[in-house]
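Just below is one structure, and these are the notes that go with it.
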Amino acid sequence: MATDERLEILRKMHELRFFENECDRLFRQGQVKGPTHLYQGQEAVSVGVCAALRPGDTMTCTYRGHGATLAMGAPLDKTFGEIFGKAGGLCGGKGGSMHLTDAGVGALGSNAIVGAHLPIANGAAFAAMRRGTGAVHACFFGDGSTNIGTFHEALNLASLWKLPVLFICENNLYGEYSPRALTTPIERLADRGISYGMNSLRIDGNEVLTVKEIVEGAAERARSGEGPTLIEAMTYRHQGHSRTDPAPYRPDGELEEWLERDPILLLEGVLESDGVGADDLTRIREEAEKAVADARDTALAWPDPELDERFDHVWAS
Amino acid sequence: MATDERLEILRKMHELRFFENECDRLFRQGQVKGPTHLYQGQEAVSVGVCAALRPGDTMTCTYRGHGATLAMGAPLDKTFGEIFGKAGGLCGGKGGSMHLTDAGVGALGSNAIVGAHLPIANGAAFAAMRRGTGAVHACFFGDGSTNIGTFHEALNLASLWKLPVLFICENNLYGEYSPRALTTPIERLADRGISYGMNSLRIDGNEVLTVKEIVEGAAERARSGEGPTLIEAMTYRHQGHSRTDPAPYRPDGELEEWLERDPILLLEGVLESDGVGADDLTRIREEAEKAVADARDTALAWPDPELDERFDHVWAS
Amino acid sequence: MAEVTYKEAVNRALADALAADPDVFVFGEDIGAAGGVFKTTAGLQERFGRDRVLDTPISEQAILGLALGAATQGMRPVAELMFADFAGVAFDQIVNQLAKYRYMSNGQISVPVTIRLAQGIGGGFAAQHSQSVENWFLNVVGLKIVVPATPADAYGLLRAAIADEDPVLFFEHKGLLNDKGQLEDDPQPVEIGRAAVVRQGSDVTIVASQLMRARALEAAERLAAESISVEVIDPVTLVPMDIATIGAGLERTNNLVVVQESSAGGSWGATLIARLIGEYFDSFDSPPLLLAGDETPIPFAHQLEQAWPPSADRIVDAVRGLLGAAAPAAG
Amino acid sequence: MAEVTYKEAVNRALADALAADPDVFVFGEDIGAAGGVFKTTAGLQERFGRDRVLDTPISEQAILGLALGAATQGMRPVAELMFADFAGVAFDQIVNQLAKYRYMSNGQISVPVTIRLAQGIGGGFAAQHSQSVENWFLNVVGLKIVVPATPADAYGLLRAAIADEDPVLFFEHKGLLNDKGQLEDDPQPVEIGRAAVVRQGSDVTIVASQLMRARALEAAERLAAESISVEVIDPVTLVPMDIATIGAGLERTNNLVVVQESSAGGSWGATLIARLIGEYFDSFDSPPLLLAGDETPIPFAHQLEQAWPPSADRIVDAVRGLLGAAAPAAG
Ligand SMILES: Cc1ncc(C[n+]2csc(CCOP(=O)(O)OP(=O)(O)O)c2C)c(N)n1
Ligand SMILES: Cc1ncc(C[n+]2csc(CCOP(=O)(O)OP(=O)(O)O)c2C)c(N)n1
Ligand SMILES: [Mg+2]
Ligand SMILES: [Mg+2]
């Protein structure tokens with residue numbers, strides 16, 4: 001992979017990180033209402049996956065979906081705008097943090113019902129298959145989501161019909177406040193692919209270049225009609241489940257260990273050892289930081305939706 | 001196992017068979033209304049499983065549940081009565097063929113929603129575990145039912161909490177008119193236990209003595225706190241899915257092959273080779289046939305429910 | 001013009017929609033190779049192939065989610081729930097996903113999904129396979145709800161549903177599948193959201209859909225013999241409800257009876273009455289009456305099941321009572 | 001007598017029920033170690049142990065099914081659905097299983113299950129986490145539905161729900177969790193099925209529950225300044241609905257406004273109006289009014305969300321309009 005491409009990947013990861021830091025700050029200041037589920041620490045997964053996609057591919061994700069939506073290419077300002085509930089937000093303020101949609105870039109919606117988008121992902125993939133577009137669909141969900149019925153039904157059907165869908169399980173060790181062992185009798189979630197005869201693997205979700213490479217392979221399989229893949233990407237969320245969660249349930253030292261494997265640091269390390277200069281790395285980071293700050297200011301200045309706008313877009317006809 | 005016990009098992013299998021043959025006949029004559037899903041050919045599964053249970057154990061099953069309900073010990077006449085919609089039926093005519101309950105013998109209800117009783121089974125097992133009764137719960141369902149969400153959720157929770165429940169998958173090769181391969185991307189459904197770290201096995205479901213022995217072992221594990229078992233019992237239904245289905249989708253010769261492995265013939269063969277005389281076998285068969293005919297006549301003579309009875313038992317209080 | 005059954009009308013609508021638009025596909029449990037448990041999809045897979053008429057696993061959530069996802073890409077999925085009661089196992093996909101998808105995206109994404117559901121009492125299917133579940137969805141904004149009673153409506157509304165940009169729940173009544181009626185040789189879509197005045201009358205307006213429509217008509221005939229003139233209106237669509245047509249009927253007769261198969265709580269009948277009483281308060285000479293199914297789950301035994309929903313007898317008695325009571329006030 | 005929050009009242013009811021009866025157990029997602037996302041179950045696991053206060057996987061169908069199965073054996077499960085909206089993913093277990101289990105068995109089996117569901121608008125949770133979903137269950141016979149608005153009712157009804165032999169859906173309103181009220185030192189169960197007259201008045205009866213109750217009371221205060229005397233009744237239980245108490249109120253005031261948070265279609269408000277107009281036709285001086293949430297999914301943006309359900313302003317305006325319109329007829 002060319003250095004430029006890798007620098008763009010780094011930039012995207014920085015953008016996601018700064019974006020979430022800003023959300024956190026603004027929420028804590030009470031400037032923004034509603035729940036929020038932040039993504040710091042998991043950036044390598046969605047950035048790596050989406051870097052492996054092509055125009056025309058589609059994506060669905062969860063309420064913890066700021067990262068995946070940005071990684072697909074949604075603009076920073078409109079994404080902020082939606083989370084701020086602004087008229088200029090991606091969804092005119094109707095969706096909010098848990099419901100980001102940018103159809104233009106293939107981001108078909110984040111979903112606040114655990115597991116609900118897995119069957120929907122199949123549908124987008126089915127359409128691509130029927131029309132022979134060669135597109136794939138990337139579907140993000142968490143470890144805890146693998147215990148709900150839709151996971152089972154969706155993976156079964158996807159495998160049966162060889163749908164071009166990539167099931168990306170972001171295993172961040174917790175579902176809300178519950179560690180995996182409290183809810184799930186097996187440790188390796190990729191093993192659940194056996195139930196569906198599905199190509200399945202567990203990967204290091206903090207190594208963005210690995211993620212990209214693995215997903216390129218899986219996408220290639222999917223595009224050529226060989227069916228879906230289940231990818232369990234091991235990662236960690238640096239924050240609590242949502243802004244009201246200080247995460248007291250974490251064992252001592254766990255966060256610190258994962259901070260050492262911060263996906264941004266890991267990529268910077270790779271780039272440095274490949275000869276990229278520290279100033280280049282700093283420049284990328286600062287540019288990203290500024291882009292995020294600018295987008296935030298832009299979006300904050302947008303007007304709130306008019307009250308009557310709440311009646312729009314219930315019906316198409 | 002003593003010969004007497006095995007003869008009682010044979011008697012039970014005959015009763016189930018004659019019972020279903022009678023249902024078939026009466027339905028075809030239009031004497032009985034409503035759908036019906038017959039069990040001929042699968043008798044070894046429920047008779048074998050229930051022979052391994054103890055008083056106090058409980059059971060749930062599907063709309064194809066005449067057999068399992070009788071195998072638990074529900075009386076022939078009241079079971080007929082329910083299917084005939086009689087006031088004296090197990091459920092006063094409110095339930096019918098798809099909803100047989102005989103709480104007194106631990107038959108907690110057949111269910112007409114595919115998969116819905118698997119979570120319910122967990123609950124009965126949970127109660128036994130909490131109260132330390134040592135009871136287990138046997139939950140019957142079909143191969144096609146392993147594709148619905150409740151299967152996944154129920155097996156996951158059962159394994160996690162080590163519930164004393166036996167998940168008996170009666171793999172009769174079809175879900176309604178669909179052969180397994182049309183709906184399920186793997187052939188060995190017992191492999192689905194891997195997703196839950198659950199003890200799982202596939203067995204010959206037409207060998208009643210094998211079924212009983214295997215289930216005794218699994219029940220013992222469950223009673224001693226080692227958790228649930230998934231048992232895939234390979235078997236075959238001699239009839240179509242329901243009375244309106246002539247089963248045109250069966251490959252030529254398939255039924256004939258399975259008829260050669262009729263579970264009643266198989267058990268009779270074992271008994272014969274163990275020295276049981278043909279006259280004893282005939283006597284058992286004829287007694288069963290008569291018991292079924294008598295029960296049928298008894299039940300047919302019962303009155304229909306009074307119209308006002310339909311308002312009873314909605315509420316407890 | 002030809003005589004066809006309700007079932008044939010559904011089948012023909014599916015076939016015509018499949019033939020007319022490559023984006024249409026039809027899928028569900030046992031609907032392909034076997035042609036469906038009620039044979040409404042018979043022959044479609046032979047004609048249109050396994051790519052467009054698909055059998056699925058027993059996975060209602062996966063079925064409806066796939067429909068939604070494919071619709072986001074502009075396809076026009078027609079998903080079947082074999083029995084309407086099974087909507088329970090996929091309820092989230094209908095009420096939290098399908099109904100809200102467009103709105104949450106601020107109109108970026110349309111989801112032109114049609115869900116076909118076979119509902120209703122009468123087959124001895126007992127409590128879990130006999131419900132008319134149209135009312136489960138009334139409090140969820142974003143779904144159109146269609147309840148045809150005749151072959152012509154079944155055909156025309158199914159074509160309209162498939163062509164509609166919004167999600168439509170299309171309820172086929174199991175008790176009507178073999179009913180016969182006329183269908184044009186070149187039948188056209190029927191507009192969603194229009195009630196039909198199916199019998200003229202001046203003394204009382206009865207609103208009744210699906211299985212209850214014929215009972216209302218039967219009651220009307222019998223009442224005519226007593227010189228009571230009954231108007232019968234079939235709402236045909238429950239959401240959006242054609243208040244104008246029904247309100248106009250009420251203004252002609254000043255007496256209203258709503259007859260529905262399901263129980264009263266949270267029903268379309270109750271909703272309709274609450275709305276009409278608000279908007280047409282002065283048009284009522286007598287209290288509006290809601291005749292509904294019993295306040296129990298549906299029992300199995302034949303006689304109990306038959307007794308459960310309103311009968312023509314009950315309708316006749318109710319109208320007599322109503323007009324008897326209303327007469328003094330009107331006189 | 002002590003001042004407690006609604007949330008504390010729920011917590012205390014659970015603790016008292018657990019202490020009183022070894023067959024009671026409490027379970028759901030993150031309710032144990034973490035004490036629940038709304039902290040209604042805080043401290044219970046420490047006190048009663050992991051055998052009686054259990055964390056579950058994200059498996060709502062498994063949760064409710066387990067409750068039902070354990071109840072068949074005489075246990076008294078209290079299951080939590082973290083957000084009421086999640087009832088969608090386990091709807092079958094509620095409507096086709098729990099509601100019908102007793103009936104289908106002809107009374108052989110009782111299922112004394114309590115399901116706690118946190119519902120309601122106001123937290124900026126958007127379309128899938130803000131609904132008042134009580135109406136989804138109205139057309140399903142066999143479920144009691146309870147909607148407490150005060151700490152005392154929350155305590156007393158939760159105790160009654162857990163003691164009830166029938167399944168009860170117990171809706172906690174997220175917007176009321178931190179509301180304060182008085183609770184007896186030795187609080188007792190409150191009978192399910194009784195409405196409460198919470199303000200006397202003679203000109204109009206407003207029926208309002210949960211979040212709308214305080215808005216109705218606020219409107220009543222403001223209208224009192226205009227010499228309009230408003231009675232406010234909280235139905236408290238939606239099924240069975242206490243028609244007698246509400247009907248008696250209507251007979252005192254002859255004017256009725258029902259205020260509910262959710263949309264109108266298939267709602268308890270519409271059901272109540274349809275029933276009252278049938279039974280108390282001559283008691284209405286003016287058309288009964290249903291004030292309801294907008295006919296849209298619930299939007300996210302703060303102002304849009306605030307505008308969605310009826311406000312005290314809207315109630316005041318509606319009553320003014322109603323009485324203005326009614327006055328000539330009454331005079
Ligand atoms: C059907 C449903 N049940 C429960 C919830 C509440 N809930 C939201 S997030 C969450 C945990 C999900 O964990 P995981 O899948 O691991 O994703 P993560 O939050 O770690 O990204 C839960 C239980 C929900 N939104 N939907
Ligand atoms: C949720 C749900 N979906 C669909 C059906 C319709 N249905 C009844 S039986 C059946 C096939 C079940 O097959 P299997 O589990 O193999 O059991 P078998 O009938 O072979 O005993 C189907 C699809 C149903 N009753 N419930
Ligand atoms: Mg997680
Ligand atoms: Mg089968």
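Ligands are numbered from 1 in the order shown, chains are lettered A, B, ... in the order of the structure tokens, and residues start at 1 in each chain.
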At most 12 Å is the cut-off: for each residue in chain C with any atom that close to an atom of ligand 1, write down the nearest atom pair and the distance in Å rounded to one decimal, counting only C-alpha atoms and all ligand atoms, chain first then increasing number, as a Markdown table.
| residue | atom | partner | partner_atom_place_in_ligand_line | distance |
| --- | --- | --- | --- | --- |
| C:Phe91 | CA | ligand 1 | 1 (C) | 11.6 |
| C:Asp92 | CA | ligand 1 | 1 (C) | 8.7 |
| C:Gln93 | CA | ligand 1 | 1 (C) | 11.0 |
| C:Asn96 | CA | ligand 1 | 1 (C) | 10.5 |
| C:Gln97 | CA | ligand 1 | 1 (C) | 11.9 |
Report the closest atom pair, with its distance in Å rounded to one decimal, for each residue of chain D that has an atom no farther than 8 Å from chain C; count only C-alpha atoms, sort by chain and then rising residue number, and write it as CSV.
residue,atom,partner,partner_atom,distance
D:Asp85,CA,C:Asn96,CA,7.8
D:Phe86,CA,C:Asp92,CA,7.5
D:Ala87,CA,C:Asp92,CA,7.8
D:Gly88,CA,C:Asp92,CA,4.1
D:Val89,CA,C:Asp92,CA,5.0
D:Ala90,CA,C:Val89,CA,6.8
D:Phe91,CA,C:Gly88,CA,5.1
D:Asp92,CA,C:Gly88,CA,4.1
D:Gln93,CA,C:Gly88,CA,7.8
D:Val95,CA,C:Gly88,CA,7.2
D:Asn96,CA,C:Gln128,CA,6.0
D:Lys100,CA,C:Pro297,CA,6.2
D:Tyr103,CA,C:Pro297,CA,7.0
D:Met104,CA,C:Ala127,CA,7.2
D:Ala127,CA,C:Met104,CA,7.2
D:Gln128,CA,C:Asn96,CA,6.0
D:Asn135,CA,C:Asn139,CA,6.5
D:Trp136,CA,C:Trp136,CA,5.7
D:Phe137,CA,C:Trp136,CA,7.2
D:Leu138,CA,C:Gly266,CA,4.9
D:Asn139,CA,C:Gly265,CA,4.7
D:Val140,CA,C:Gly265,CA,7.7
D:Val141,CA,C:Thr296,CA,5.6
D:Gly142,CA,C:Thr296,CA,7.2
D:Ser262,CA,C:Asn139,CA,7.7
D:Ser263,CA,C:Asn139,CA,6.2
D:Ala264,CA,C:Asn139,CA,6.7
D:Gly265,CA,C:Asn139,CA,4.7
D:Gly266,CA,C:Gly266,CA,4.1
D:Ser267,CA,C:Gly266,CA,5.2
D:Trp268,CA,C:Gly266,CA,6.1
D:Ala270,CA,C:Thr271,CA,5.2
D:Thr271,CA,C:Ala270,CA,5.2
D:Ile273,CA,C:Ala274,CA,5.6
D:Ala274,CA,C:Ala274,CA,5.2
D:Arg275,CA,C:Ala270,CA,7.8
D:Ile277,CA,C:Pro287,CA,6.2
D:Gly278,CA,C:Pro287,CA,5.1
D:Glu279,CA,C:Pro287,CA,7.8
D:Phe281,CA,C:Pro287,CA,5.6
D:Ser286,CA,C:Phe281,CA,7.7
D:Pro287,CA,C:Gly278,CA,5.1
D:Pro288,CA,C:Gly278,CA,5.9
D:Leu289,CA,C:Gly278,CA,6.2
D:Leu290,CA,C:Ala274,CA,7.9
D:Glu295,CA,C:Val141,CA,6.1
D:Thr296,CA,C:Val141,CA,5.6
D:Pro297,CA,C:Val141,CA,6.1
D:Pro299,CA,C:Met104,CA,7.4
If we count only C-alpha atoms, which residues of chain C reach to within 10 Å of chain A? Please list them as a short mmCIF file (atom, residue, chain, number, x, y, z; two decimals) with C-alpha atoms, in the first residue's frame.
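Writing done, so here's selection35.cif:
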data_model
loop_
_atom_site.label_atom_id
_atom_site.label_comp_id
_atom_site.auth_asym_id
_atom_site.auth_seq_id
_atom_site.Cartn_x
_atom_site.Cartn_y
_atom_site.Cartn_z
CA PRO C 22 -37.82 -6.47 -12.59
CA ASP C 23 -37.29 -4.92 -9.17
CA ASP C 51 -34.16 -15.68 -8.37
CA ARG C 52 -37.41 -13.77 -8.11
CA THR C 56 -36.71 -18.86 2.90
CA PRO C 57 -35.77 -20.48 6.18
CA ILE C 58 -38.16 -20.09 9.12
CA SER C 59 -36.71 -16.72 10.02
CA GLU C 60 -39.34 -14.01 9.96
CA GLN C 61 -36.98 -11.33 11.22
CA ALA C 62 -34.50 -12.17 8.49
CA ILE C 63 -37.27 -12.11 5.91
CA LEU C 64 -38.60 -8.69 6.80
CA GLY C 65 -35.16 -7.19 7.35
CA LEU C 66 -34.09 -8.43 3.94
CA ALA C 67 -37.15 -6.82 2.43
CA LEU C 68 -36.31 -3.52 4.08
CA GLY C 69 -32.67 -3.60 3.10
CA ALA C 70 -33.43 -4.46 -0.51
CA ALA C 71 -36.01 -1.67 -0.60
CA THR C 72 -33.38 0.87 0.48
CA GLN C 73 -31.70 0.04 -2.82
CA GLY C 74 -34.86 0.62 -4.82
CA MET C 75 -36.10 -2.92 -5.10
CA ARG C 76 -39.77 -3.70 -4.45
CA PRO C 77 -39.86 -6.71 -2.16
CA VAL C 89 -41.80 -12.76 16.00
CA ALA C 90 -40.75 -9.99 13.61
CA ASP C 92 -39.51 -4.95 15.71
CA GLN C 93 -38.67 -5.09 12.03
CA ASN C 96 -39.26 0.07 14.81
CA GLN C 97 -37.54 -0.38 11.47
CA LEU C 98 -39.85 -0.35 8.48
CA ALA C 99 -42.29 2.23 9.81
CA LYS C 100 -39.57 4.65 10.89
CA TYR C 101 -36.80 4.15 8.37
CA ARG C 102 -37.83 6.89 6.03
CA TYR C 103 -38.54 9.40 8.75
CA MET C 104 -35.32 8.81 10.68
CA SER C 105 -33.34 9.37 7.50
CA ASN C 106 -35.29 12.55 6.80
CA GLY C 107 -36.59 11.16 3.57
CA GLN C 108 -33.22 10.11 2.18
CA ILE C 109 -34.37 6.52 2.01
CA SER C 110 -37.73 5.12 0.95
CA VAL C 111 -38.71 1.58 1.81
CA PRO C 112 -41.34 0.38 -0.66
CA VAL C 141 -47.10 5.76 12.39
CA GLY C 142 -45.55 5.02 9.02
CA LEU C 143 -47.36 1.92 7.82
CA LYS C 144 -50.24 1.75 5.39
CA ASP C 164 -46.40 2.40 -3.33
CA GLU C 165 -43.23 4.11 -2.11
CA ASP C 166 -44.26 3.48 1.50
CA PRO C 167 -44.42 0.21 3.39
#
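Near ligand 4, at distances of 9 Å or less and with only C-alpha atoms and all ligand atoms counted, sit the residues Phe141, Gly142, Asp143, Gly144, Ser145, Cys169, Glu170, Asn171, Asn172, Leu173, Tyr174, Gly175, Glu176, Ser178, Pro179, Arg180, Tyr236, Arg237 and His241 of chain B.
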Take the selection from the previous step and output its residues with N, CA and C atoms, as a PDB file, in the first residue's frame.
ATOM      1  N   PHE B 141     -38.340 -29.989  19.338  1.00  0.00           N
ATOM      2  CA  PHE B 141     -38.567 -29.074  18.208  1.00  0.00           C
ATOM      3  C   PHE B 141     -37.982 -29.710  16.955  1.00  0.00           C
ATOM      4  N   GLY B 142     -38.283 -29.090  15.812  1.00  0.00           N
ATOM      5  CA  GLY B 142     -37.865 -29.685  14.544  1.00  0.00           C
ATOM      6  C   GLY B 142     -36.583 -29.102  13.985  1.00  0.00           C
ATOM      7  N   ASP B 143     -36.098 -29.715  12.924  1.00  0.00           N
ATOM      8  CA  ASP B 143     -34.905 -29.223  12.235  1.00  0.00           C
ATOM      9  C   ASP B 143     -35.109 -27.807  11.720  1.00  0.00           C
ATOM     10  N   GLY B 144     -36.272 -27.555  11.127  1.00  0.00           N
ATOM     11  CA  GLY B 144     -36.522 -26.218  10.559  1.00  0.00           C
ATOM     12  C   GLY B 144     -36.529 -25.132  11.626  1.00  0.00           C
ATOM     13  N   SER B 145     -36.838 -25.512  12.841  1.00  0.00           N
ATOM     14  CA  SER B 145     -36.914 -24.545  13.934  1.00  0.00           C
ATOM     15  C   SER B 145     -35.550 -24.048  14.372  1.00  0.00           C
ATOM     16  N   CYS B 169     -33.813 -31.946  19.147  1.00  0.00           N
ATOM     17  CA  CYS B 169     -34.129 -31.541  17.776  1.00  0.00           C
ATOM     18  C   CYS B 169     -34.521 -32.789  16.987  1.00  0.00           C
ATOM     19  N   GLU B 170     -35.783 -32.873  16.628  1.00  0.00           N
ATOM     20  CA  GLU B 170     -36.232 -34.024  15.824  1.00  0.00           C
ATOM     21  C   GLU B 170     -35.999 -33.676  14.361  1.00  0.00           C
ATOM     22  N   ASN B 171     -34.870 -34.138  13.857  1.00  0.00           N
ATOM     23  CA  ASN B 171     -34.531 -33.839  12.459  1.00  0.00           C
ATOM     24  C   ASN B 171     -35.210 -34.851  11.551  1.00  0.00           C
ATOM     25  N   ASN B 172     -36.362 -34.430  11.003  1.00  0.00           N
ATOM     26  CA  ASN B 172     -37.112 -35.307  10.102  1.00  0.00           C
ATOM     27  C   ASN B 172     -36.916 -34.890   8.643  1.00  0.00           C
ATOM     28  N   LEU B 173     -35.838 -34.161   8.407  1.00  0.00           N
ATOM     29  CA  LEU B 173     -35.353 -33.795   7.060  1.00  0.00           C
ATOM     30  C   LEU B 173     -36.142 -32.668   6.387  1.00  0.00           C
ATOM     31  N   TYR B 174     -37.302 -32.318   6.909  1.00  0.00           N
ATOM     32  CA  TYR B 174     -38.122 -31.282   6.269  1.00  0.00           C
ATOM     33  C   TYR B 174     -38.672 -30.305   7.302  1.00  0.00           C
ATOM     34  N   GLY B 175     -38.776 -29.068   6.902  1.00  0.00           N
ATOM     35  CA  GLY B 175     -39.581 -28.093   7.610  1.00  0.00           C
ATOM     36  C   GLY B 175     -40.711 -27.754   6.650  1.00  0.00           C
ATOM     37  N   GLU B 176     -41.923 -28.088   7.022  1.00  0.00           N
ATOM     38  CA  GLU B 176     -43.048 -28.037   6.076  1.00  0.00           C
ATOM     39  C   GLU B 176     -42.672 -28.747   4.796  1.00  0.00           C
ATOM     40  N   SER B 178     -40.164 -27.904   2.819  1.00  0.00           N
ATOM     41  CA  SER B 178     -38.796 -27.580   2.417  1.00  0.00           C
ATOM     42  C   SER B 178     -37.794 -28.579   2.975  1.00  0.00           C
ATOM     43  N   PRO B 179     -37.025 -29.221   2.105  1.00  0.00           N
ATOM     44  CA  PRO B 179     -35.944 -30.064   2.603  1.00  0.00           C
ATOM     45  C   PRO B 179     -34.866 -29.193   3.263  1.00  0.00           C
ATOM     46  N   ARG B 180     -34.121 -29.778   4.151  1.00  0.00           N
ATOM     47  CA  ARG B 180     -33.129 -29.046   4.927  1.00  0.00           C
ATOM     48  C   ARG B 180     -32.261 -28.127   4.069  1.00  0.00           C
ATOM     49  N   TYR B 236     -37.827 -39.424  10.674  1.00  0.00           N
ATOM     50  CA  TYR B 236     -38.557 -39.153   9.428  1.00  0.00           C
ATOM     51  C   TYR B 236     -40.049 -39.170   9.731  1.00  0.00           C
ATOM     52  N   ARG B 237     -40.773 -38.240   9.118  1.00  0.00           N
ATOM     53  CA  ARG B 237     -42.225 -38.309   9.287  1.00  0.00           C
ATOM     54  C   ARG B 237     -42.831 -39.054   8.097  1.00  0.00           C
ATOM     55  N   HIS B 241     -46.517 -32.758   5.857  1.00  0.00           N
ATOM     56  CA  HIS B 241     -46.385 -31.818   6.968  1.00  0.00           C
ATOM     57  C   HIS B 241     -47.678 -31.726   7.775  1.00  0.00           C
TER      58      HIS B 241
END
Exercise. Got a sec: who's within 6 Å of region 115-117 of chain D, counting only C-alpha atoms, leaving out chain neighbours fewer than 4 positions off, as JSON, numbers by chain?
Worked result: {"D": [78, 79, 80, 81, 83, 84, 169, 170, 171, 172]}
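If only C-alpha atoms are the atoms counted, then among B:Leu307, B:Ile194, B:Val114, B:Val215 the closest residue to chain A is B:Ile194.
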Problem set entry | Gap from CA of Ala9 (chain D) to CA of Gly123 (chain D) - Å, one decimal | 20.7 Å
For this session: Identify all residues of region 2-196 of chain A in strand (DSSP E or B) (DSSP on the backbone) and supply them as a ChimeraX atom specification.
Result: /A:58-62,102,107-111,137-142,165-171,174-175,178-179
Could you write out that same residue set with C-alpha atoms as an mmCIF file, in the first residue's frame?
data_model
loop_
_atom_site.group_PDB
_atom_site.id
_atom_site.type_symbol
_atom_site.label_atom_id
_atom_site.label_comp_id
_atom_site.auth_asym_id
_atom_site.auth_seq_id
_atom_site.Cartn_x
_atom_site.Cartn_y
_atom_site.Cartn_z
ATOM 1 C CA THR A 58 -23.064 0.054 1.437
ATOM 2 C CA MET A 59 -22.861 -0.054 5.217
ATOM 3 C CA THR A 60 -25.033 -0.341 8.310
ATOM 4 C CA CYS A 61 -23.943 0.070 11.909
ATOM 5 C CA THR A 62 -25.112 0.623 15.466
ATOM 6 C CA ASP A 102 -25.938 9.359 4.616
ATOM 7 C CA ALA A 107 -24.276 4.762 4.945
ATOM 8 C CA LEU A 108 -27.755 3.266 5.160
ATOM 9 C CA GLY A 109 -28.330 4.037 8.793
ATOM 10 C CA SER A 110 -27.157 3.380 12.288
ATOM 11 C CA ASN A 111 -29.627 1.433 14.351
ATOM 12 C CA HIS A 137 -22.305 -4.513 2.240
ATOM 13 C CA ALA A 138 -20.393 -4.036 5.500
ATOM 14 C CA CYS A 139 -22.427 -4.566 8.643
ATOM 15 C CA PHE A 140 -20.938 -3.487 11.987
ATOM 16 C CA PHE A 141 -22.161 -4.744 15.340
ATOM 17 C CA GLY A 142 -20.824 -5.519 18.793
ATOM 18 C CA VAL A 165 -22.162 -9.109 3.104
ATOM 19 C CA LEU A 166 -19.345 -8.696 5.599
ATOM 20 C CA PHE A 167 -20.424 -9.174 9.182
ATOM 21 C CA ILE A 168 -17.977 -7.163 11.246
ATOM 22 C CA CYS A 169 -18.259 -8.009 14.915
ATOM 23 C CA GLU A 170 -16.397 -5.352 16.888
ATOM 24 C CA ASN A 171 -15.538 -7.313 19.993
ATOM 25 C CA TYR A 174 -18.295 -5.492 26.813
ATOM 26 C CA GLY A 175 -21.947 -5.172 26.018
ATOM 27 C CA SER A 178 -21.428 -6.587 31.079
ATOM 28 C CA PRO A 179 -18.151 -8.308 30.255
#
For this session: Write out as a ChimeraX atom specification which residues come within 9 Å of Val207 (chain C) when counting only C-alpha atoms, dropping same-chain ones fewer than 6 positions away.
Result: /C:213,216,231-235,246,256-260,269
For this session: Assign secondary structure with DSSP using the backbone only, and return the residues of region 99-271 of chain C in alpha helix (DSSP H) as a PyMOL selection string.
Result: chain C and resi 99-104+151-163+210-224+243-253+268-271
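Minimum atom-to-atom distance to chain B, evaluated using only C-alpha atoms, belongs to A:Gly197 out of A:Pro263, A:Gly56, A:Gly81, A:Gly197.
Distance-wise, CA of Met234 (chain A) and CA of Gly205 (chain A) end up 4.7 Å apart.
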Exercise. Got a sec: who's within 6 Å of region 200-202 of chain D, counting only C-alpha atoms, leaving out chain neighbours fewer than 6 positions off, as a ChimeraX atom specification?
Worked result: /D:229-231,253
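The smallest atom-to-atom distance between chain A and any of B:Asp191, B:Asp304, B:Asp262, B:Glu22, using only C-alpha atoms, is found for B:Asp191.
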Exercise. Excluding same-chain residues fewer than 3 positions from Ile9 (chain B), what lies within 8 Å of it counting only C-alpha atoms, as a ChimeraX atom specification?
Worked result: /B:5-6,12-13,47-48,51
Problem set entry | Counting only C-alpha atoms, the residue of B:Gly253, B:Gly65, B:Pro185, B:Pro164 that sits nearest chain A | B:Pro185
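The closest residue to chain B, picked from A:Pro251, A:Pro246, A:Gly30, A:Gly115 and counting only C-alpha atoms, is A:Gly115.
Separating CA of Thr229 (chain B) from CA of Ala44 (chain B) is a distance of 18.4 Å.
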Problem set entry | Contact residues around Arg221 (chain A) with only C-alpha atoms at 12 Å, ignoring same-chain residues under 2 positions, as a ChimeraX atom specification | /A:134-136,162-166,198-199,214-219,223-229
